[in-house]
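protein-v5.txt follows; it contains compact mmCIF, N, CA and C atoms.
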```txt
# COMPACT_ATOMS: atom_id res chain seq x y z
N MET K 1 91.04 101.71 62.83
CA MET K 1 90.85 102.26 64.17
C MET K 1 91.92 101.68 65.09
N MET K 2 92.49 102.55 65.89
CA MET K 2 93.57 102.16 66.79
C MET K 2 93.01 101.88 68.19
N THR K 3 93.42 100.77 68.78
CA THR K 3 92.98 100.43 70.12
C THR K 3 93.88 101.12 71.13
N GLY K 4 93.28 101.75 72.13
CA GLY K 4 94.06 102.41 73.17
C GLY K 4 94.02 101.62 74.47
N TYR K 5 95.09 101.70 75.21
CA TYR K 5 95.18 101.02 76.50
C TYR K 5 95.52 102.06 77.55
N TRP K 6 94.95 101.91 78.71
CA TRP K 6 95.22 102.80 79.83
C TRP K 6 95.85 101.99 80.94
N PHE K 7 96.87 102.54 81.54
CA PHE K 7 97.47 101.90 82.70
C PHE K 7 96.80 102.46 83.95
N ILE K 8 96.24 101.57 84.75
CA ILE K 8 95.64 101.99 86.01
C ILE K 8 96.35 101.21 87.10
N SER K 9 97.00 101.95 87.99
CA SER K 9 97.77 101.31 89.05
C SER K 9 96.84 100.66 90.08
N GLU K 10 97.41 99.76 90.86
CA GLU K 10 96.65 99.12 91.94
C GLU K 10 96.14 100.17 92.91
N TRP K 11 96.96 101.20 93.15
CA TRP K 11 96.56 102.28 94.06
C TRP K 11 95.29 102.95 93.55
N GLU K 12 95.24 103.23 92.25
CA GLU K 12 94.06 103.88 91.67
C GLU K 12 92.84 102.94 91.69
N LYS K 13 93.05 101.66 91.47
CA LYS K 13 91.94 100.70 91.53
C LYS K 13 91.34 100.66 92.93
N ASN K 14 92.20 100.73 93.94
CA ASN K 14 91.74 100.66 95.31
C ASN K 14 91.01 101.93 95.75
N MET K 15 91.18 103.02 95.01
CA MET K 15 90.54 104.28 95.37
C MET K 15 89.01 104.14 95.34
N ALA K 16 88.51 103.28 94.48
CA ALA K 16 87.07 103.09 94.38
C ALA K 16 86.51 102.42 95.63
N GLU K 17 87.33 101.64 96.32
CA GLU K 17 86.88 100.90 97.50
C GLU K 17 86.77 101.78 98.73
N LYS K 18 87.72 102.68 98.92
CA LYS K 18 87.74 103.57 100.09
C LYS K 18 88.02 104.97 99.60
N PRO K 19 87.34 105.96 100.16
CA PRO K 19 87.63 107.33 99.75
C PRO K 19 89.03 107.75 100.20
N LEU K 20 89.61 108.65 99.45
CA LEU K 20 90.95 109.14 99.76
C LEU K 20 90.88 110.13 100.92
N ASP K 21 91.81 110.00 101.83
CA ASP K 21 91.97 110.97 102.90
C ASP K 21 93.47 111.18 103.10
N ALA K 22 93.84 112.07 104.00
CA ALA K 22 95.25 112.40 104.20
C ALA K 22 96.07 111.18 104.61
N GLU K 23 95.52 110.34 105.46
CA GLU K 23 96.25 109.15 105.89
C GLU K 23 96.52 108.20 104.73
N ARG K 24 95.52 107.91 103.93
CA ARG K 24 95.71 107.01 102.78
C ARG K 24 96.69 107.58 101.77
N LEU K 25 96.65 108.91 101.58
CA LEU K 25 97.56 109.55 100.65
C LEU K 25 99.00 109.40 101.14
N LEU K 26 99.24 109.63 102.42
CA LEU K 26 100.59 109.46 102.98
C LEU K 26 101.04 108.01 102.90
N ARG K 27 100.16 107.09 103.22
CA ARG K 27 100.52 105.66 103.15
C ARG K 27 100.84 105.24 101.72
N ALA K 28 100.15 105.82 100.75
CA ALA K 28 100.44 105.53 99.34
C ALA K 28 101.85 105.98 98.97
N LEU K 29 102.37 106.98 99.71
CA LEU K 29 103.73 107.47 99.49
C LEU K 29 104.75 106.71 100.35
N SER K 30 104.32 105.60 100.94
CA SER K 30 105.16 104.72 101.77
C SER K 30 105.50 105.31 103.14
N VAL K 31 104.69 106.22 103.62
CA VAL K 31 104.88 106.76 104.97
C VAL K 31 104.09 105.88 105.92
N THR K 32 104.69 105.56 107.05
CA THR K 32 104.00 104.73 108.03
C THR K 32 103.81 105.51 109.33
N GLY K 33 102.95 104.99 110.16
CA GLY K 33 102.68 105.59 111.46
C GLY K 33 103.87 105.54 112.40
N LYS K 34 104.93 104.86 112.03
CA LYS K 34 106.12 104.80 112.88
C LYS K 34 106.86 106.13 112.92
N LEU K 35 106.68 106.94 111.89
CA LEU K 35 107.35 108.24 111.86
C LEU K 35 106.60 109.23 112.74
N VAL K 36 107.33 109.97 113.54
CA VAL K 36 106.74 110.95 114.44
C VAL K 36 105.87 111.95 113.67
N GLY K 37 106.31 112.35 112.49
CA GLY K 37 105.59 113.36 111.73
C GLY K 37 104.32 112.88 111.05
N PHE K 38 104.04 111.58 111.11
CA PHE K 38 102.88 111.03 110.41
C PHE K 38 101.58 111.68 110.87
N GLN K 39 101.31 111.66 112.16
CA GLN K 39 100.07 112.25 112.68
C GLN K 39 100.06 113.77 112.50
N TYR K 40 101.22 114.40 112.66
CA TYR K 40 101.31 115.85 112.45
C TYR K 40 100.93 116.18 111.00
N ALA K 41 101.47 115.40 110.07
CA ALA K 41 101.20 115.65 108.64
C ALA K 41 99.73 115.46 108.32
N ILE K 42 99.11 114.43 108.86
CA ILE K 42 97.68 114.21 108.63
C ILE K 42 96.89 115.42 109.11
N TYR K 43 97.17 115.86 110.32
CA TYR K 43 96.47 117.00 110.90
C TYR K 43 96.67 118.25 110.04
N MET K 44 97.91 118.51 109.65
CA MET K 44 98.22 119.72 108.89
C MET K 44 97.61 119.68 107.49
N ILE K 45 97.66 118.54 106.84
CA ILE K 45 97.06 118.41 105.50
C ILE K 45 95.56 118.66 105.58
N GLU K 46 94.91 118.11 106.60
CA GLU K 46 93.48 118.34 106.76
C GLU K 46 93.18 119.82 107.01
N GLN K 47 94.02 120.49 107.80
CA GLN K 47 93.82 121.92 108.07
C GLN K 47 93.96 122.73 106.78
N ILE K 48 94.97 122.41 105.99
CA ILE K 48 95.21 123.15 104.74
C ILE K 48 94.13 122.82 103.71
N THR K 49 93.65 121.59 103.69
CA THR K 49 92.57 121.21 102.78
C THR K 49 91.32 122.04 103.08
N ASP K 50 91.04 122.22 104.37
CA ASP K 50 89.87 123.02 104.78
C ASP K 50 90.05 124.51 104.48
N ASP K 51 91.29 125.00 104.62
CA ASP K 51 91.57 126.42 104.41
C ASP K 51 92.95 126.58 103.78
N PRO K 52 93.03 126.60 102.43
CA PRO K 52 94.32 126.66 101.74
C PRO K 52 95.21 127.84 102.14
N ALA K 53 94.65 128.91 102.64
CA ALA K 53 95.45 130.06 103.06
C ALA K 53 96.36 129.72 104.25
N ARG K 54 96.03 128.67 104.96
CA ARG K 54 96.82 128.29 106.15
C ARG K 54 98.26 127.92 105.80
N VAL K 55 98.50 127.47 104.56
CA VAL K 55 99.85 127.08 104.18
C VAL K 55 100.79 128.29 104.19
N ARG K 56 100.24 129.49 103.96
CA ARG K 56 101.06 130.70 103.99
C ARG K 56 101.46 131.09 105.41
N LEU K 57 100.73 130.56 106.38
CA LEU K 57 100.99 130.88 107.78
C LEU K 57 101.60 129.69 108.51
N ILE K 58 102.36 128.90 107.78
CA ILE K 58 102.85 127.63 108.33
C ILE K 58 103.72 127.82 109.58
N THR K 59 104.64 128.77 109.55
CA THR K 59 105.55 128.95 110.68
C THR K 59 104.88 129.67 111.84
N LYS K 60 104.12 130.68 111.56
CA LYS K 60 103.52 131.50 112.62
C LYS K 60 102.27 130.89 113.22
N ARG K 61 101.53 130.11 112.43
CA ARG K 61 100.27 129.62 112.95
C ARG K 61 100.13 128.10 112.93
N LEU K 62 100.44 127.46 111.80
CA LEU K 62 100.16 126.03 111.66
C LEU K 62 101.08 125.16 112.51
N TYR K 63 102.38 125.46 112.54
CA TYR K 63 103.28 124.69 113.41
C TYR K 63 102.87 124.82 114.87
N PRO K 64 102.66 126.06 115.38
CA PRO K 64 102.27 126.18 116.78
C PRO K 64 100.92 125.50 117.11
N GLU K 65 99.94 125.61 116.20
CA GLU K 65 98.65 124.96 116.45
C GLU K 65 98.79 123.44 116.48
N THR K 66 99.59 122.92 115.56
CA THR K 66 99.82 121.47 115.52
C THR K 66 100.56 121.02 116.77
N ALA K 67 101.56 121.81 117.18
CA ALA K 67 102.31 121.49 118.39
C ALA K 67 101.40 121.45 119.61
N GLU K 68 100.52 122.43 119.70
CA GLU K 68 99.58 122.47 120.83
C GLU K 68 98.65 121.26 120.80
N GLN K 69 98.18 120.90 119.62
CA GLN K 69 97.28 119.75 119.46
C GLN K 69 97.94 118.46 119.94
N PHE K 70 99.27 118.33 119.73
CA PHE K 70 99.97 117.09 120.05
C PHE K 70 100.89 117.20 121.26
N GLY K 71 100.87 118.34 121.94
CA GLY K 71 101.66 118.48 123.15
C GLY K 71 103.16 118.50 122.91
N THR K 72 103.60 119.23 121.91
CA THR K 72 105.02 119.34 121.60
C THR K 72 105.33 120.78 121.21
N THR K 73 106.47 121.01 120.59
CA THR K 73 106.86 122.36 120.20
C THR K 73 106.74 122.54 118.68
N GLY K 74 106.65 123.77 118.26
CA GLY K 74 106.58 124.07 116.84
C GLY K 74 107.82 123.61 116.10
N SER K 75 108.99 123.77 116.72
CA SER K 75 110.22 123.35 116.06
C SER K 75 110.29 121.82 115.92
N ALA K 76 109.72 121.11 116.90
CA ALA K 76 109.69 119.64 116.81
C ALA K 76 108.76 119.21 115.68
N VAL K 77 107.65 119.92 115.49
CA VAL K 77 106.73 119.62 114.40
C VAL K 77 107.42 119.86 113.07
N GLU K 78 108.08 121.01 112.94
CA GLU K 78 108.79 121.34 111.69
C GLU K 78 109.83 120.28 111.34
N ARG K 79 110.61 119.88 112.33
CA ARG K 79 111.66 118.87 112.12
C ARG K 79 111.05 117.51 111.75
N ALA K 80 109.96 117.14 112.41
CA ALA K 80 109.31 115.85 112.12
C ALA K 80 108.74 115.81 110.70
N ILE K 81 108.17 116.92 110.25
CA ILE K 81 107.64 116.99 108.88
C ILE K 81 108.79 116.90 107.88
N ARG K 82 109.88 117.60 108.16
CA ARG K 82 111.05 117.56 107.28
C ARG K 82 111.59 116.12 107.19
N ASN K 83 111.68 115.42 108.33
CA ASN K 83 112.14 114.03 108.33
C ASN K 83 111.19 113.13 107.54
N LEU K 84 109.89 113.38 107.64
CA LEU K 84 108.91 112.61 106.89
C LEU K 84 109.10 112.81 105.39
N ILE K 85 109.33 114.05 104.98
CA ILE K 85 109.55 114.34 103.56
C ILE K 85 110.79 113.62 103.05
N TYR K 86 111.87 113.63 103.81
CA TYR K 86 113.08 112.93 103.38
C TYR K 86 112.87 111.42 103.35
N ALA K 87 112.04 110.91 104.24
CA ALA K 87 111.72 109.48 104.21
C ALA K 87 110.96 109.14 102.92
N VAL K 88 110.01 109.99 102.55
CA VAL K 88 109.27 109.79 101.29
C VAL K 88 110.25 109.85 100.12
N TRP K 89 111.12 110.84 100.14
CA TRP K 89 112.05 111.04 99.03
C TRP K 89 113.01 109.84 98.90
N ASP K 90 113.46 109.31 100.03
CA ASP K 90 114.43 108.20 100.02
C ASP K 90 113.79 106.84 99.74
N ARG K 91 112.55 106.64 100.15
CA ARG K 91 111.93 105.32 100.08
C ARG K 91 111.25 105.01 98.77
N THR K 92 110.72 106.00 98.13
CA THR K 92 109.82 105.68 97.02
C THR K 92 110.36 106.09 95.67
N ASP K 93 109.80 105.47 94.69
CA ASP K 93 109.91 105.91 93.31
C ASP K 93 109.09 107.20 93.32
N HIS K 94 109.53 108.22 92.70
CA HIS K 94 108.90 109.54 92.80
C HIS K 94 107.70 109.71 91.87
N THR K 95 107.28 108.66 91.20
CA THR K 95 106.19 108.76 90.23
C THR K 95 104.91 109.29 90.86
N LEU K 96 104.48 108.71 91.97
CA LEU K 96 103.24 109.16 92.61
C LEU K 96 103.40 110.57 93.16
N LEU K 97 104.52 110.86 93.79
CA LEU K 97 104.75 112.20 94.33
C LEU K 97 104.74 113.24 93.20
N GLU K 98 105.35 112.91 92.07
CA GLU K 98 105.35 113.83 90.93
C GLU K 98 103.95 113.97 90.34
N HIS K 99 103.17 112.89 90.36
CA HIS K 99 101.78 112.97 89.90
C HIS K 99 100.99 113.92 90.81
N ILE K 100 101.18 113.79 92.10
CA ILE K 100 100.51 114.67 93.06
C ILE K 100 100.96 116.11 92.86
N ALA K 101 102.26 116.31 92.65
CA ALA K 101 102.82 117.65 92.46
C ALA K 101 102.39 118.25 91.12
N GLY K 102 102.16 117.39 90.15
CA GLY K 102 101.80 117.87 88.82
C GLY K 102 103.00 118.29 88.00
N THR K 103 104.19 117.94 88.45
CA THR K 103 105.42 118.32 87.76
C THR K 103 106.56 117.41 88.20
N PRO K 104 107.57 117.22 87.37
CA PRO K 104 108.75 116.46 87.81
C PRO K 104 109.46 117.20 88.96
N LEU K 105 109.97 116.44 89.90
CA LEU K 105 110.66 117.03 91.05
C LEU K 105 112.14 116.70 90.97
N LYS K 106 112.97 117.70 91.11
CA LYS K 106 114.44 117.52 91.06
C LYS K 106 115.04 117.40 92.46
N ARG K 107 114.28 117.84 93.45
CA ARG K 107 114.77 117.85 94.83
C ARG K 107 113.59 117.58 95.76
N PRO K 108 113.86 117.20 96.99
CA PRO K 108 112.74 117.03 97.93
C PRO K 108 112.02 118.36 98.12
N PRO K 109 110.70 118.35 98.19
CA PRO K 109 109.98 119.60 98.41
C PRO K 109 110.21 120.12 99.83
N SER K 110 110.04 121.42 100.00
CA SER K 110 110.11 122.01 101.34
C SER K 110 108.86 121.56 102.11
N ASN K 111 108.85 121.83 103.41
CA ASN K 111 107.69 121.47 104.22
C ASN K 111 106.41 122.07 103.66
N SER K 112 106.43 123.37 103.39
CA SER K 112 105.20 124.03 102.91
C SER K 112 104.83 123.53 101.51
N GLU K 113 105.80 123.29 100.65
CA GLU K 113 105.51 122.76 99.31
C GLU K 113 104.86 121.38 99.41
N PHE K 114 105.42 120.52 100.25
CA PHE K 114 104.92 119.16 100.41
C PHE K 114 103.48 119.17 100.93
N LEU K 115 103.25 119.91 102.01
CA LEU K 115 101.91 119.96 102.59
C LEU K 115 100.91 120.58 101.62
N ASP K 116 101.33 121.61 100.91
CA ASP K 116 100.46 122.27 99.94
C ASP K 116 100.12 121.32 98.78
N MET K 117 101.11 120.58 98.28
CA MET K 117 100.87 119.63 97.19
C MET K 117 99.85 118.57 97.61
N LEU K 118 100.05 117.98 98.78
CA LEU K 118 99.16 116.91 99.22
C LEU K 118 97.77 117.45 99.53
N ALA K 119 97.69 118.60 100.18
CA ALA K 119 96.38 119.18 100.49
C ALA K 119 95.65 119.58 99.22
N GLY K 120 96.36 120.15 98.25
CA GLY K 120 95.74 120.52 96.98
C GLY K 120 95.23 119.31 96.23
N TYR K 121 96.03 118.25 96.22
CA TYR K 121 95.63 117.02 95.54
C TYR K 121 94.39 116.42 96.21
N LEU K 122 94.42 116.38 97.54
CA LEU K 122 93.29 115.83 98.30
C LEU K 122 92.03 116.67 98.09
N ALA K 123 92.17 117.99 98.11
CA ALA K 123 91.01 118.88 97.89
C ALA K 123 90.42 118.66 96.50
N GLY K 124 91.28 118.54 95.50
CA GLY K 124 90.82 118.28 94.14
C GLY K 124 90.11 116.95 94.04
N TYR K 125 90.66 115.94 94.69
CA TYR K 125 90.04 114.62 94.69
C TYR K 125 88.65 114.70 95.33
N LEU K 126 88.58 115.34 96.48
CA LEU K 126 87.30 115.43 97.20
C LEU K 126 86.26 116.20 96.40
N ARG K 127 86.67 117.25 95.72
CA ARG K 127 85.75 118.02 94.86
C ARG K 127 85.18 117.16 93.73
N ASN K 128 86.02 116.32 93.15
CA ASN K 128 85.61 115.51 92.01
C ASN K 128 84.91 114.21 92.38
N HIS K 129 84.92 113.85 93.65
CA HIS K 129 84.34 112.56 94.05
C HIS K 129 83.23 112.71 95.09
N ARG K 130 82.55 113.82 95.05
CA ARG K 130 81.41 113.98 95.99
C ARG K 130 80.13 113.72 95.28
```
Spit out the file's structure as structure tokens when you get a sec.
Amino acid sequence: MMTGYWFISEWEKNMAEKPLDAERLLRALSVTGKLVGFQYAIYMIEQITDDPARVRLITKRLYPETAEQFGTTGSAVERAIRNLIYAVWDRTDHTLLEHIAGTPLKRPPSNSEFLDMLAGYLAGYLRNHR
């Protein structure tokens, strides 16, 4: 009989202590509250988690709603999310991001791809941990 070993990261061990939410998921990707897009991303991920169809309306509906929520413009929200994605891409080993995406990534994801990946991952987690 062969003995099997499983690698469980510290991040996964800590999941048992606190439930996963959009903020913890972003922080696991090395995003901090210092980035302007941090709060925007949390809000948008939560919106998409609640209603996945919202990701298809990102430019016409989600950016403007997020901008209104935070007192800024849709273009500022779009730019802040893009900067956040590049910060994730530049700062981290892509292992966790690729795990969330479910596939190897050759380039930084677009805004809608990034938000959709994180919201989908979070929704799946919440479904399996209720």
Counting all atoms listed in the file, which residues of segment 23-69 of chain K sit at most 8 Å from some atom of segment 85-107 of chain K, and what is each one's closest atom pair with its distance in Å to one decimal, listed by chain and rising residue number, as JSON lines?
```
{"residue": "K:Ala28", "atom": "C", "partner": "K:Leu96", "partner_atom": "CA", "distance": 7.2}
{"residue": "K:Leu29", "atom": "C", "partner": "K:Val88", "partner_atom": "CA", "distance": 5.5}
{"residue": "K:Ser30", "atom": "C", "partner": "K:Val88", "partner_atom": "CA", "distance": 6.1}
{"residue": "K:Val31", "atom": "N", "partner": "K:Val88", "partner_atom": "CA", "distance": 6.3}
{"residue": "K:Gly37", "atom": "CA", "partner": "K:Ile85", "partner_atom": "N", "distance": 7.7}
```
- Note on the structure: Residue with the minimum atom-to-atom distance to Ala123 of chain K, picked from K:Val55, K:Asn111, K:Glu68, K:Leu20 with only C-alpha atoms counted, is K:Leu20
- Message: Which residues are close to Ile48 of chain K, i.e. within 10 Å by only C-alpha atoms, leaving aside same-chain residues fewer than 5 positions away? Reply as JSON, numbers by chain.
- Response: {"K": [43, 53, 54, 55, 56, 58, 62, 115, 116, 118, 119, 120, 122, 123]}
How about saving the chosen residues, N, CA and C atoms kept, as a PDB file, keeping the file's coordinate frame?
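Wrote part30.pdb, looks like this:
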```
ATOM      1  N   TYR K  43      97.170 115.860 110.320  1.00  0.00           N
ATOM      2  CA  TYR K  43      96.470 117.000 110.900  1.00  0.00           C
ATOM      3  C   TYR K  43      96.670 118.250 110.040  1.00  0.00           C
ATOM      4  N   ALA K  53      94.650 128.910 102.640  1.00  0.00           N
ATOM      5  CA  ALA K  53      95.450 130.060 103.060  1.00  0.00           C
ATOM      6  C   ALA K  53      96.360 129.720 104.250  1.00  0.00           C
ATOM      7  N   ARG K  54      96.030 128.670 104.960  1.00  0.00           N
ATOM      8  CA  ARG K  54      96.820 128.290 106.150  1.00  0.00           C
ATOM      9  C   ARG K  54      98.260 127.920 105.800  1.00  0.00           C
ATOM     10  N   VAL K  55      98.500 127.470 104.560  1.00  0.00           N
ATOM     11  CA  VAL K  55      99.850 127.080 104.180  1.00  0.00           C
ATOM     12  C   VAL K  55     100.790 128.290 104.190  1.00  0.00           C
ATOM     13  N   ARG K  56     100.240 129.490 103.960  1.00  0.00           N
ATOM     14  CA  ARG K  56     101.060 130.700 103.990  1.00  0.00           C
ATOM     15  C   ARG K  56     101.460 131.090 105.410  1.00  0.00           C
ATOM     16  N   ILE K  58     102.360 128.900 107.780  1.00  0.00           N
ATOM     17  CA  ILE K  58     102.850 127.630 108.330  1.00  0.00           C
ATOM     18  C   ILE K  58     103.720 127.820 109.580  1.00  0.00           C
ATOM     19  N   LEU K  62     100.440 127.460 111.800  1.00  0.00           N
ATOM     20  CA  LEU K  62     100.160 126.030 111.660  1.00  0.00           C
ATOM     21  C   LEU K  62     101.080 125.160 112.510  1.00  0.00           C
ATOM     22  N   LEU K 115     103.250 119.910 102.010  1.00  0.00           N
ATOM     23  CA  LEU K 115     101.910 119.960 102.590  1.00  0.00           C
ATOM     24  C   LEU K 115     100.910 120.580 101.620  1.00  0.00           C
ATOM     25  N   ASP K 116     101.330 121.610 100.910  1.00  0.00           N
ATOM     26  CA  ASP K 116     100.460 122.270  99.940  1.00  0.00           C
ATOM     27  C   ASP K 116     100.120 121.320  98.780  1.00  0.00           C
ATOM     28  N   LEU K 118     100.050 117.980  98.780  1.00  0.00           N
ATOM     29  CA  LEU K 118      99.160 116.910  99.220  1.00  0.00           C
ATOM     30  C   LEU K 118      97.770 117.450  99.530  1.00  0.00           C
ATOM     31  N   ALA K 119      97.690 118.600 100.180  1.00  0.00           N
ATOM     32  CA  ALA K 119      96.380 119.180 100.490  1.00  0.00           C
ATOM     33  C   ALA K 119      95.650 119.580  99.220  1.00  0.00           C
ATOM     34  N   GLY K 120      96.360 120.150  98.250  1.00  0.00           N
ATOM     35  CA  GLY K 120      95.740 120.520  96.980  1.00  0.00           C
ATOM     36  C   GLY K 120      95.230 119.310  96.230  1.00  0.00           C
ATOM     37  N   LEU K 122      94.420 116.380  97.540  1.00  0.00           N
ATOM     38  CA  LEU K 122      93.290 115.830  98.300  1.00  0.00           C
ATOM     39  C   LEU K 122      92.030 116.670  98.090  1.00  0.00           C
ATOM     40  N   ALA K 123      92.170 117.990  98.110  1.00  0.00           N
ATOM     41  CA  ALA K 123      91.010 118.880  97.890  1.00  0.00           C
ATOM     42  C   ALA K 123      90.420 118.660  96.500  1.00  0.00           C
TER      43      ALA K 123
END
```
- Message: Between atom CA of Asp50 of chain K and atom CA of Pro108 of chain K, what distance in Å does the model show, to one decimal?
- Response: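 Here the two named atoms are 24.6 Å from each other.
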- DSSP-assigned alpha helix (DSSP H) members of chain K, reported as JSON, numbers by chain: {"K": [10, 11, 12, 13, 14, 15, 22, 23, 24, 25, 26, 27, 28, 37, 38, 39, 40, 41, 42, 43, 44, 45, 46, 47, 48, 49, 50, 63, 64, 65, 66, 67, 68, 69, 70, 74, 75, 76, 77, 78, 79, 80, 81, 82, 83, 84, 85, 86, 87, 88, 89, 90, 91, 95, 96, 97, 98, 99, 100, 101, 111, 112, 113, 114, 115, 116, 117, 118, 119, 120, 121, 122, 123, 124, 125, 126, 127, 128]}
- Task: Provide the atom CA of Tyr63 of chain K to atom CA of Ala76 of chain K distance in Å, to one decimal place.
- Result: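 The value is 8.8 Å.
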- Item | Coordinates-based distance that separates atom C of Ala80 of chain K from atom C of Val36 of chain K (Å, one decimal) | 5.7 Å
